[in-house]
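Student: Okay, here's the structure, questions in a sec.
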Amino acid sequence: MCPTGTTTLRHSTAAKGPDFRPAFEVIDADRDGKISKDDLRAFYAGFLGTGSSDNDDIIGSMMSAADSNADGYVEYEEFEQVLEQRSKNGSGSGVMEEVFRVMDRDGDGRVGHEDLRSYFKWAGFGDASDEDIKAMIKLGGGDENQGVTFEGLLKILAV
């Protein structure tokens, strides 16, 4: 049984906002329709390695911020709510900011061509062509030399 208001939230957000499902599916490593701490650990392990207590602290904070019904998982509606709240008030809980930070391997505040290529390879999306990556960066409002900002990455993942 769905929590009260879940259906309403789904219909109201689908009609007016971007679809964040692709971003959600990137993090939902086991594809069970919800993000768990293990999913986040798997995501981080692909970029940062395993075993860091700092990673566990970050994961715990992200889960606390997004898991509004406190069931230990972040369902799509909760994920969507976090992202929509961020876009409304200009500051978020840090969930997608952390994803961006992990993807931004060189720490320059932009996800560039090599960052995206590395991410796609890690995520199992196959070999994206240079042209595909350039098109994604352009879609996100960036250029091939500079890459995209956090907002640009959200645009790419929302398509």
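Simple scheme: letters A, B, ... for chains in structure tokens order, numbers from 1 for residues in each chain, numbers from 1 for ligands in the order shown.
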Fewer than 2 positions away in the same chain doesn't count, so skip those; otherwise give me all residues within 8 Å of A:Gly152, counting only C-alpha atoms, as a list in words.

Tutor: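 Here the answer would be Ile137, Leu139, Gly140, Gly141, Gly142, Val148, Thr149, Phe150, Leu154, Lys155 and Ile156 of chain A.
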
Student: Pick out the residues sitting within 10 Å of A:Leu40, and hand them over as a VMD selection string; count only C-alpha atoms, and ignore anything fewer than 4 positions along from it in its own chain.

Tutor: chain A and resid 27 to 29 35 to 36 44 to 45 55 to 56 58 to 60 62 to 63 99

Student: Could you work out how far atom CA of A:Glu77 lies from atom CA of A:Glu151, giving the answer in Å with one decimal?

Tutor: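 Going from atom CA of A:Glu151 over to atom CA of A:Glu77, I get 20.0 Å.
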
Student: Quick check, in Å to one decimal: how far apart do atom CA of A:Leu116 and atom CA of A:Glu78 lie?

Tutor: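 We find that atom CA of A:Leu116 and atom CA of A:Glu78 lie 25.8 Å from each other.
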
Student: Could you check how far atom CA of A:Ser129 sits from atom CA of A:Asp39, in Å to one decimal?

Tutor: 27.1 Å

Student: Quick one: residues within 9 Å of stretch 21-25 of chain A, only C-alpha atoms, excluding same-chain residues fewer than 6 positions away - as a PyMOL selection string?

Tutor: chain A and resi 31+33-35+75-76+79-80+96+154+157-159

Student: With only C-alpha atoms as the atoms that count, which of A:Glu131, A:Gly147, A:Met136, A:Leu153 lies nearest to A:Asp106?

Tutor: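 The closest residue to A:Asp106 is A:Gly147.
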
Student: Using backbone DSSP assignments, extract all alpha helix (DSSP H) residues from stretch 66-157 of chain A; output them as a VMD selection string.

Tutor: chain A and resid 66 76 to 89 95 to 103 113 to 123 130 to 139 150 to 157

Student: Given the choices A:Lys37, A:His113, A:Arg105, A:Lys134, which gets closest to A:Tyr73 if the distance is worked out from only C-alpha atoms?

Tutor: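 Looking at the shortest contact to A:Tyr73, the residue is A:Lys37.
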
Student: Of the candidates A:Gly112, A:Asp130, A:Lys121, A:Asp38, which shows the shortest atom-to-atom distance to A:Asn145, using only C-alpha atoms?

Tutor: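 Counting only C-alpha atoms, the residue closest to A:Asn145 is A:Gly112.
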